[in-house]
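K.L.:
Next comes the structure file run.txt, holding compact mmCIF, C-alpha atoms.
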# COMPACT_ATOMS: atom_id res chain seq x y z
CA MET Q 1310 -42.72 -30.00 -49.00
CA LYS Q 1311 -39.24 -30.89 -47.82
CA LYS Q 1312 -37.72 -28.24 -50.07
CA PHE Q 1313 -40.13 -25.65 -48.68
CA LEU Q 1314 -39.09 -26.45 -45.09
CA LEU Q 1315 -35.42 -26.46 -45.95
CA LEU Q 1316 -35.32 -22.95 -47.39
CA PRO Q 1317 -36.27 -21.13 -44.13
CA PHE Q 1318 -33.78 -23.28 -42.23
CA LEU Q 1319 -31.00 -22.34 -44.62
CA PHE Q 1320 -31.97 -18.68 -44.36
CA VAL Q 1321 -31.84 -18.71 -40.54
CA THR Q 1322 -28.53 -20.57 -40.54
CA ALA Q 1323 -26.99 -18.14 -43.01
CA THR Q 1324 -28.23 -15.18 -40.97
CA VAL Q 1325 -26.75 -16.56 -37.75
CA CYS Q 1326 -23.44 -17.28 -39.44
CA ALA Q 1327 -23.35 -13.83 -40.98
CA GLN Q 1328 -23.94 -12.23 -37.59
CA TYR Q 1329 -21.33 -14.28 -35.73
CA ASN Q 1330 -18.20 -12.30 -34.89
CA PRO Q 1331 -15.23 -14.17 -33.35
CA LEU Q 1332 -14.18 -10.87 -31.74
CA ALA Q 1333 -17.51 -10.43 -29.97
CA PHE Q 1334 -16.09 -11.35 -26.56
CA PHE Q 1335 -14.41 -7.93 -26.53
CA GLU Q 1336 -17.87 -6.34 -26.49
CA PRO Q 1337 -17.98 -5.76 -22.67
CA LEU Q 1338 -14.78 -3.68 -22.99
CA MET Q 1339 -15.99 -1.49 -25.83
CA GLY Q 1340 -16.67 2.23 -25.55
CA ARG Q 1341 -15.23 2.54 -22.07
CA THR Q 1342 -11.94 3.52 -20.49
CA TRP Q 1343 -10.32 0.87 -18.31
CA SER Q 1344 -7.89 2.03 -15.64
CA ALA Q 1345 -5.43 0.14 -13.44
CA GLU Q 1346 -2.54 0.85 -11.09
CA GLY Q 1347 -0.14 -1.49 -9.35
CA VAL Q 1348 3.45 -2.47 -8.70
CA TRP Q 1349 5.56 -4.86 -10.78
CA GLU Q 1350 7.50 -7.62 -9.08
CA ASN Q 1351 10.70 -5.56 -9.41
CA GLY Q 1352 9.14 -2.66 -7.50
CA SER Q 1353 8.48 -0.34 -10.44
CA GLY Q 1354 5.08 1.24 -10.77
CA PHE Q 1355 2.35 0.23 -13.19
CA ARG Q 1356 -0.37 2.57 -14.42
CA GLN Q 1357 -2.45 2.15 -17.52
CA GLU Q 1358 -5.62 3.44 -19.18
CA ILE Q 1359 -7.00 1.45 -22.12
CA ASN Q 1360 -9.70 2.09 -24.71
CA PHE Q 1361 -11.16 -0.54 -27.06
CA GLU Q 1362 -13.05 0.11 -30.30
CA TYR Q 1363 -14.14 -1.85 -33.37
CA SER Q 1364 -12.89 -0.97 -36.85
CA LEU Q 1365 -13.47 -2.11 -40.46
CA ASP Q 1366 -16.99 -3.39 -39.87
CA SER Q 1367 -16.01 -5.06 -36.57
CA THR Q 1368 -13.33 -7.24 -38.19
CA LEU Q 1369 -10.63 -5.52 -36.12
CA VAL Q 1370 -10.39 -4.43 -32.50
CA LEU Q 1371 -8.23 -1.35 -32.05
CA VAL Q 1372 -6.70 -0.77 -28.63
CA LYS Q 1373 -5.12 2.47 -27.46
CA SER Q 1374 -3.45 2.68 -24.08
CA LYS Q 1375 -1.71 5.28 -21.95
CA GLY Q 1376 1.12 4.47 -19.58
CA PHE Q 1377 4.48 5.64 -18.33
CA THR Q 1378 6.63 6.75 -21.25
CA ASP Q 1379 9.92 7.27 -19.40
CA LYS Q 1380 12.09 5.15 -17.12
CA GLN Q 1381 11.62 7.63 -14.26
CA GLN Q 1382 7.84 7.00 -14.47
CA THR Q 1383 7.06 10.69 -14.29
CA THR Q 1384 5.49 11.11 -17.74
CA PHE Q 1385 2.09 9.56 -18.44
CA GLY Q 1386 0.87 9.53 -22.02
CA PRO Q 1387 0.17 7.43 -25.15
CA ARG Q 1388 2.18 4.23 -24.72
CA ASN Q 1389 0.75 1.41 -26.87
CA HIS Q 1390 -1.49 1.00 -29.91
CA GLY Q 1391 -2.72 -2.49 -30.66
CA ILE Q 1392 -4.73 -4.60 -33.10
CA ARG Q 1393 -6.72 -7.78 -32.47
CA LYS Q 1394 -7.71 -9.71 -35.62
CA TYR Q 1395 -9.30 -13.07 -36.37
CA ASP Q 1396 -7.28 -15.30 -38.73
CA PRO Q 1397 -9.66 -17.65 -40.59
CA ASN Q 1398 -6.82 -19.91 -41.73
CA SER Q 1399 -5.66 -20.81 -38.23
CA LYS Q 1400 -9.08 -20.07 -36.70
CA SER Q 1401 -7.35 -18.06 -34.02
CA ILE Q 1402 -7.23 -14.46 -32.87
CA GLN Q 1403 -3.88 -12.75 -33.21
CA PHE Q 1404 -2.73 -9.47 -31.73
CA TRP Q 1405 -0.03 -6.92 -32.41
CA GLU Q 1406 1.02 -4.30 -29.86
CA PHE Q 1407 3.14 -1.32 -30.97
CA ASP Q 1408 4.72 0.78 -28.23
CA VAL Q 1409 6.16 4.28 -28.13
CA PHE Q 1410 9.69 2.90 -27.83
CA GLY Q 1411 9.50 1.21 -31.26
CA SER Q 1412 8.92 -2.36 -30.10
CA VAL Q 1413 6.28 -4.72 -31.47
CA THR Q 1414 4.75 -7.59 -29.48
CA LYS Q 1415 2.83 -10.31 -31.31
CA GLY Q 1416 0.85 -13.18 -29.87
CA MET Q 1417 -2.48 -14.97 -29.54
CA VAL Q 1418 -5.73 -14.12 -27.75
CA LYS Q 1419 -8.20 -16.69 -26.41
CA GLN Q 1420 -11.59 -16.42 -24.80
CA GLU Q 1421 -12.10 -18.62 -21.74
CA GLY Q 1422 -15.65 -18.10 -20.50
CA ASN Q 1423 -15.76 -14.43 -19.58
CA ASP Q 1424 -11.97 -14.25 -19.26
CA ILE Q 1425 -9.52 -13.07 -21.92
CA ARG Q 1426 -6.04 -14.61 -22.11
CA TYR Q 1427 -3.10 -13.22 -24.08
CA THR Q 1428 0.03 -15.30 -24.72
CA TYR Q 1429 3.22 -13.97 -26.29
CA THR Q 1430 6.99 -14.33 -26.21
CA TYR Q 1431 9.02 -11.73 -24.35
CA GLY Q 1432 12.72 -12.34 -24.88
CA GLU Q 1433 12.95 -16.09 -24.36
CA THR Q 1434 10.00 -16.28 -21.96
CA GLN Q 1435 6.43 -17.30 -22.74
CA VAL Q 1436 4.29 -14.67 -21.00
CA THR Q 1437 0.56 -14.64 -20.24
CA ASP Q 1438 -1.67 -11.63 -19.62
CA LEU Q 1439 -5.02 -12.58 -18.10
CA TRP Q 1440 -8.12 -10.38 -17.92
CA GLU Q 1441 -10.15 -12.32 -15.35
CA PHE Q 1442 -13.81 -11.25 -15.24
CA VAL Q 1443 -15.08 -10.09 -11.84
CA ASP Q 1444 -18.14 -8.08 -12.83
CA LYS Q 1445 -19.20 -5.79 -15.68
CA ASP Q 1446 -16.99 -2.98 -14.36
CA THR Q 1447 -14.00 -4.96 -13.06
CA TYR Q 1448 -11.37 -7.39 -14.32
CA THR Q 1449 -8.51 -8.82 -12.29
CA PHE Q 1450 -5.36 -8.42 -14.36
CA LYS Q 1451 -2.40 -10.79 -14.04
CA VAL Q 1452 0.89 -10.94 -15.92
CA GLY Q 1453 3.25 -13.86 -15.52
CA GLU Q 1454 4.22 -17.34 -16.63
CA TYR Q 1455 1.24 -19.67 -16.92
CA VAL Q 1456 2.06 -23.35 -17.52
CA GLY Q 1457 -0.30 -26.31 -17.48
CA GLY Q 1458 -3.14 -24.36 -15.91
CA ASN Q 1459 -1.00 -22.93 -13.10
CA TRP Q 1460 0.87 -19.69 -12.54
CA THR Q 1461 4.52 -20.62 -12.08
CA GLN Q 1462 5.52 -16.98 -11.66
CA THR Q 1463 3.50 -13.76 -11.35
CA TYR Q 1464 4.99 -10.41 -12.34
CA LEU Q 1465 1.94 -8.23 -11.68
CA THR Q 1466 -1.52 -8.55 -10.13
CA THR Q 1467 -3.95 -5.64 -10.14
CA GLU Q 1468 -7.45 -4.67 -11.28
CA PHE Q 1469 -8.79 -2.87 -14.33
CA ASN Q 1470 -11.85 -0.81 -13.48
CA ALA Q 1471 -14.19 0.77 -15.99
CA ILE Q 1472 -14.55 4.51 -15.95
CA GLY Q 1473 -16.43 6.70 -18.40
CA ASN Q 1474 -20.15 6.45 -17.80
CA GLN Q 1475 -19.62 4.37 -14.68
CA GLY Q 1476 -17.59 6.97 -12.76
CA TYR Q 1477 -14.14 8.49 -12.70
CA GLY Q 1478 -12.04 5.47 -11.78
CA PHE Q 1479 -10.85 7.04 -8.55
CA GLN Q 1480 -7.85 5.48 -6.86
CA PHE Q 1481 -6.86 6.15 -3.25
CA ASP Q 1482 -4.00 8.66 -3.41
CA HIS Q 1483 -3.03 9.75 0.10
CA GLN Q 1484 -4.06 10.44 3.68
CA SER Q 1485 -2.80 13.61 5.37
CA LEU Q 1486 -2.42 13.99 9.14
CA VAL Q 1487 -1.52 17.13 11.05
CA VAL Q 1488 1.03 16.41 13.81
CA LYS Q 1489 2.94 18.40 16.41
CA ASN Q 1490 5.97 16.11 16.79
CA LEU Q 1491 6.95 15.31 13.21
CA ARG Q 1492 10.00 13.25 14.14
CA LYS Q 1493 8.18 11.00 16.60
CA ALA Q 1494 5.12 10.51 14.42
CA GLY Q 1495 7.17 9.83 11.29
CA ASP Q 1496 9.44 7.34 13.05
CA PHE Q 1497 6.34 5.51 14.31
CA TYR Q 1498 4.91 4.90 10.82
CA ARG Q 1499 8.34 4.03 9.47
CA ASP Q 1500 9.35 1.63 12.26
CA VAL Q 1501 6.02 -0.01 13.17
CA PHE Q 1502 4.52 -0.44 9.70
CA GLY Q 1503 7.69 -0.34 7.63
CA PHE Q 1504 6.40 2.45 5.37
CA GLU Q 1505 9.03 3.69 2.93
CA GLU Q 1506 9.81 7.36 3.47
CA ILE Q 1507 9.80 9.34 0.23
CA PRO Q 1508 10.94 12.92 -0.38
CA HIS Q 1509 8.55 15.84 -0.47
CA PRO Q 1510 8.53 17.05 -4.12
CA GLU Q 1511 9.59 20.56 -3.06
CA ARG Q 1512 11.84 19.42 -0.20
CA LYS Q 1513 9.91 21.66 2.17
CA PRO Q 1514 10.53 21.43 5.91
CA GLY Q 1515 7.65 20.38 8.13
CA PHE Q 1516 6.60 17.45 5.98
CA ARG Q 1517 7.29 13.71 6.03
CA TRP Q 1518 5.82 11.61 3.24
CA PHE Q 1519 5.57 7.81 3.20
CA ASN Q 1520 4.66 5.26 0.55
CA ILE Q 1521 1.97 2.83 1.77
CA TYR Q 1522 1.32 0.69 -1.31
CA GLY Q 1523 1.74 1.34 -5.02
CA LYS Q 1524 1.21 5.07 -5.38
CA SER Q 1525 -0.85 5.39 -2.17
CA GLN Q 1526 0.82 7.61 0.39
CA LEU Q 1527 0.65 9.00 3.93
CA HIS Q 1528 1.52 12.68 4.39
CA LEU Q 1529 2.44 14.04 7.83
CA ILE Q 1530 2.30 17.82 8.21
CA LYS Q 1531 3.78 19.63 11.22
CA LYS Q 1532 1.47 22.37 12.57
CA GLU Q 1533 0.40 23.80 15.88
CA VAL Q 1534 -3.34 23.24 15.92
CA VAL Q 1535 -6.24 23.44 18.33
CA GLU Q 1536 -6.81 20.04 19.91
CA PHE Q 1537 -9.83 18.06 18.81
CA LYS Q 1538 -11.17 14.73 19.97
CA LYS Q 1539 -9.59 11.95 17.97
CA ASP Q 1540 -12.53 9.54 17.90
CA LYS Q 1541 -11.93 5.92 16.95
CA SER Q 1542 -14.58 6.17 14.24
CA ILE Q 1543 -12.23 8.53 12.38
CA HIS Q 1544 -9.31 6.31 11.42
CA LEU Q 1545 -6.86 5.19 8.78
CA CYS Q 1546 -7.40 1.52 7.90
CA LEU Q 1547 -4.68 -0.85 6.71
CA SER Q 1548 -5.11 -4.46 5.64
CA THR Q 1549 -2.48 -7.18 5.95
CA LYS Q 1550 -2.34 -10.93 5.43
CA ASN Q 1551 0.09 -11.14 8.36
CA LEU Q 1552 -2.10 -9.73 11.13
CA GLU Q 1553 -0.93 -12.26 13.73
CA HIS Q 1554 2.72 -11.44 13.06
CA LEU Q 1555 1.96 -7.73 13.31
CA ILE Q 1556 0.24 -8.28 16.68
CA GLU Q 1557 3.39 -10.03 17.92
CA ARG Q 1558 5.44 -7.07 16.73
CA LEU Q 1559 3.16 -4.61 18.53
CA MET Q 1560 3.52 -6.58 21.76
CA GLU Q 1561 7.31 -6.64 21.39
CA LYS Q 1562 7.29 -2.85 21.01
CA GLU Q 1563 4.84 -2.56 23.93
CA ILE Q 1564 2.23 -0.87 21.76
CA THR Q 1565 -1.27 -1.44 23.14
CA PHE Q 1566 -3.98 -2.53 20.71
CA TYR Q 1567 -7.74 -2.75 21.18
CA ASP Q 1568 -10.81 -4.36 19.71
CA TRP Q 1569 -13.72 -2.18 18.59
CA PRO Q 1570 -15.44 -2.08 22.03
CA GLY Q 1571 -12.12 -0.95 23.57
CA ASN Q 1572 -10.88 -4.09 25.29
CA VAL Q 1573 -7.10 -4.00 25.71
CA ASN Q 1574 -5.02 -6.39 23.57
CA SER Q 1575 -8.15 -7.96 22.07
CA VAL Q 1576 -9.17 -8.71 18.51
CA THR Q 1577 -12.58 -8.06 16.94
CA ASP Q 1578 -14.07 -10.85 14.82
CA ARG Q 1579 -16.39 -9.20 12.34
CA ALA Q 1580 -19.51 -11.01 11.12
CA ASP Q 1581 -17.88 -11.47 7.69
CA GLY Q 1582 -14.89 -13.29 9.21
CA VAL Q 1583 -12.47 -10.36 9.06
CA LYS Q 1584 -10.31 -9.83 12.15
CA GLN Q 1585 -9.45 -6.27 13.18
CA ILE Q 1586 -7.55 -4.34 15.83
CA TYR Q 1587 -7.08 -0.66 16.62
CA ILE Q 1588 -4.02 1.26 17.77
CA GLN Q 1589 -3.12 4.92 18.23
CA ASP Q 1590 -0.11 6.71 16.82
CA PRO Q 1591 1.97 9.11 18.99
CA GLU Q 1592 -0.39 11.97 18.07
CA GLY Q 1593 -3.48 10.04 19.16
CA TYR Q 1594 -4.81 9.25 15.68
CA TRP Q 1595 -6.57 5.89 15.45
CA ILE Q 1596 -5.48 3.22 12.99
CA GLU Q 1597 -7.45 0.07 12.17
CA ILE Q 1598 -5.51 -2.96 10.98
CA ASN Q 1599 -7.43 -5.92 9.61
CA ASN Q 1600 -6.92 -8.97 7.43
CA ALA Q 1601 -9.61 -8.23 4.83
CA PRO Q 1602 -8.67 -9.76 1.47
CA HIS Q 1603 -7.88 -7.41 -1.43
For the file at hand, write its structure as structure tokens.

P.N.:
Amino acid sequence: MKKFLLLPFLFVTATVCAQYNPLAFFEPLMGRTWSAEGVWENGSGFRQEINFEYSLDSTLVLVKSKGFTDKQQTTFGPRNHGIRKYDPNSKSIQFWEFDVFGSVTKGMVKQEGNDIRYTYTYGETQVTDLWEFVDKDTYTFKVGEYVGGNWTQTYLTTEFNAIGNQGYGFQFDHQSLVVKNLRKAGDFYRDVFGFEEIPHPERKPGFRWFNIYGKSQLHLIKKEVVEFKKDKSIHLCLSTKNLEHLIERLMEKEITFYDWPGNVNSVTDRADGVKQIYIQDPEGYWIEINNAPH
């Protein structure tokens, strides 16, 4: 009787073991394109699209990514091909990343709950890449030095978002405003918000372009247009962690700000705890500034 009971148990155990795949935690990433944009600590841009797929009966994970392939960051194309493989001897998952420049990066991958952590040596520095799970379509992505459970230095923080069947992975590119006084309007966005002015790609007159964050831009276009009512509900919104400091700066420059109802030099406290103010640029366009976390 004992032998009879033991045989089904052994069969179930063997089946479970046969089905177990140490690479299974990559499953949420499979069959989708993951896209991210950001800015490295040194000010250079980051843009990447990554695809994951199983190979050799799910014993390998193949990773193909696109990124900038030149120092000027003008060419976007195939940048890295990688492999993730389980090593039964060390009972660890290793990875190799081959880039278009001929370099090879090798390191370890670990699952931590729903998060995925890569560790590798870059030069003489131990570097960590963390895919931190947010939801099924989003991972926070961090690159830096991670020691003793703490980030001692962060080189990049951004988000990977799934595209493919879930959408197109849109990123905010730019806002365009038509203005009459290009000099005055441009100086306002440069001097009040500190936006970096960037050249128009064709060097055309009548344009002033500004970098807001990452690759997001503001485009001012000089034109004589029929006036229309610039309602507060139609506005550009900017978020900052230093809202109080910005308010002090506005007061120093004698720029009036309002809360949503229109009270002068007042701040709106939204129900979710976000504080917000509204100002107008020299052309009358409304701008919301708040301290919503991103």

K.L.:
Between Q:Phe1334, Q:Phe1537, Q:Trp1349, Q:Phe1481, which residue has the minimum interatomic distance to Thr1467 in chain Q, considering all atoms listed in the file?

P.N.:
Q:Trp1349

K.L.:
Which residues of range 1455-1514 of chain Q come within 10 Å of range 1583-1594 of chain Q, and for each one, what is the closest pair of atoms and their distance in Å to one decimal, counting all atoms listed in the file, sorted by chain and residue number, as a Markdown table?

P.N.:
| residue | atom | partner | partner_atom | distance |
| --- | --- | --- | --- | --- |
| Q:Leu1486 | CA | Q:Tyr1594 | CA | 8.4 |
| Q:Val1487 | CA | Q:Glu1592 | CA | 8.8 |
| Q:Val1488 | CA | Q:Glu1592 | CA | 6.3 |
| Q:Lys1489 | CA | Q:Glu1592 | CA | 7.4 |
| Q:Asn1490 | CA | Q:Glu1592 | CA | 7.7 |
| Q:Leu1491 | CA | Q:Glu1592 | CA | 9.4 |
| Q:Lys1493 | CA | Q:Pro1591 | CA | 6.9 |
| Q:Ala1494 | CA | Q:Pro1591 | CA | 5.7 |
| Q:Gly1495 | CA | Q:Pro1591 | CA | 9.3 |
| Q:Asp1496 | CA | Q:Pro1591 | CA | 9.7 |
| Q:Phe1497 | CA | Q:Asp1590 | CA | 7.0 |
| Q:Tyr1498 | CA | Q:Asp1590 | CA | 8.0 |
| Q:Val1501 | CA | Q:Asp1590 | CA | 9.8 |

K.L.:
Within 12 Å of (3.7, -10.3, -22.6), in the coordinates the file gives, what residues turn up when you count all atoms listed in the file, written out as JSON, numbers by chain?

P.N.:
{"Q": [1404, 1405, 1406, 1413, 1414, 1415, 1416, 1417, 1418, 1426, 1427, 1428, 1429, 1430, 1431, 1432, 1433, 1434, 1435, 1436, 1437, 1438, 1439, 1451, 1452, 1453, 1454, 1455, 1463, 1464, 1465]}

K.L.:
What is the distance between CA of Glu1506 in chain Q and CA of Val1348 in chain Q, in Å to one decimal?

P.N.:
16.9 Å

K.L.:
Could you tell me how far CA of Ser1344 in chain Q lies from CA of Asp1379 in chain Q, in Å and to one decimal?

P.N.:
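Here the two named atoms are 18.9 Å from each other.
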
K.L.:
Rebuild N, CA and C atoms on range 1552-1563 of chain Q, as an mmCIF file, in the coordinates of the input?

P.N.:
data_model
loop_
_atom_site.group_PDB
_atom_site.id
_atom_site.type_symbol
_atom_site.label_atom_id
_atom_site.label_comp_id
_atom_site.auth_asym_id
_atom_site.auth_seq_id
_atom_site.Cartn_x
_atom_site.Cartn_y
_atom_site.Cartn_z
ATOM 1 N N LEU Q 1552 -1.612 -10.434 9.950
ATOM 2 C CA LEU Q 1552 -2.100 -9.730 11.130
ATOM 3 C C LEU Q 1552 -1.517 -10.320 12.419
ATOM 4 N N GLU Q 1553 -1.444 -11.631 12.514
ATOM 5 C CA GLU Q 1553 -0.930 -12.260 13.730
ATOM 6 C C GLU Q 1553 0.532 -11.867 13.974
ATOM 7 N N HIS Q 1554 1.315 -11.836 12.917
ATOM 8 C CA HIS Q 1554 2.720 -11.440 13.060
ATOM 9 C C HIS Q 1554 2.819 -9.977 13.485
ATOM 10 N N LEU Q 1555 1.953 -9.136 12.928
ATOM 11 C CA LEU Q 1555 1.960 -7.730 13.310
ATOM 12 C C LEU Q 1555 1.600 -7.566 14.781
ATOM 13 N N ILE Q 1556 0.624 -8.343 15.255
ATOM 14 C CA ILE Q 1556 0.240 -8.280 16.680
ATOM 15 C C ILE Q 1556 1.438 -8.633 17.561
ATOM 16 N N GLU Q 1557 2.188 -9.662 17.167
ATOM 17 C CA GLU Q 1557 3.390 -10.030 17.920
ATOM 18 C C GLU Q 1557 4.391 -8.879 17.940
ATOM 19 N N ARG Q 1558 4.522 -8.196 16.813
ATOM 20 C CA ARG Q 1558 5.440 -7.070 16.730
ATOM 21 C C ARG Q 1558 4.991 -5.919 17.628
ATOM 22 N N LEU Q 1559 3.684 -5.660 17.668
ATOM 23 C CA LEU Q 1559 3.160 -4.610 18.530
ATOM 24 C C LEU Q 1559 3.439 -4.921 19.996
ATOM 25 N N MET Q 1560 3.281 -6.178 20.369
ATOM 26 C CA MET Q 1560 3.520 -6.580 21.760
ATOM 27 C C MET Q 1560 5.000 -6.449 22.101
ATOM 28 N N GLU Q 1561 5.874 -6.785 21.158
ATOM 29 C CA GLU Q 1561 7.310 -6.640 21.390
ATOM 30 C C GLU Q 1561 7.683 -5.175 21.609
ATOM 31 N N LYS Q 1562 7.007 -4.275 20.876
ATOM 32 C CA LYS Q 1562 7.290 -2.850 21.010
ATOM 33 C C LYS Q 1562 6.459 -2.199 22.117
ATOM 34 N N GLU Q 1563 5.677 -3.031 22.830
ATOM 35 C CA GLU Q 1563 4.840 -2.560 23.930
ATOM 36 C C GLU Q 1563 3.852 -1.490 23.467
#
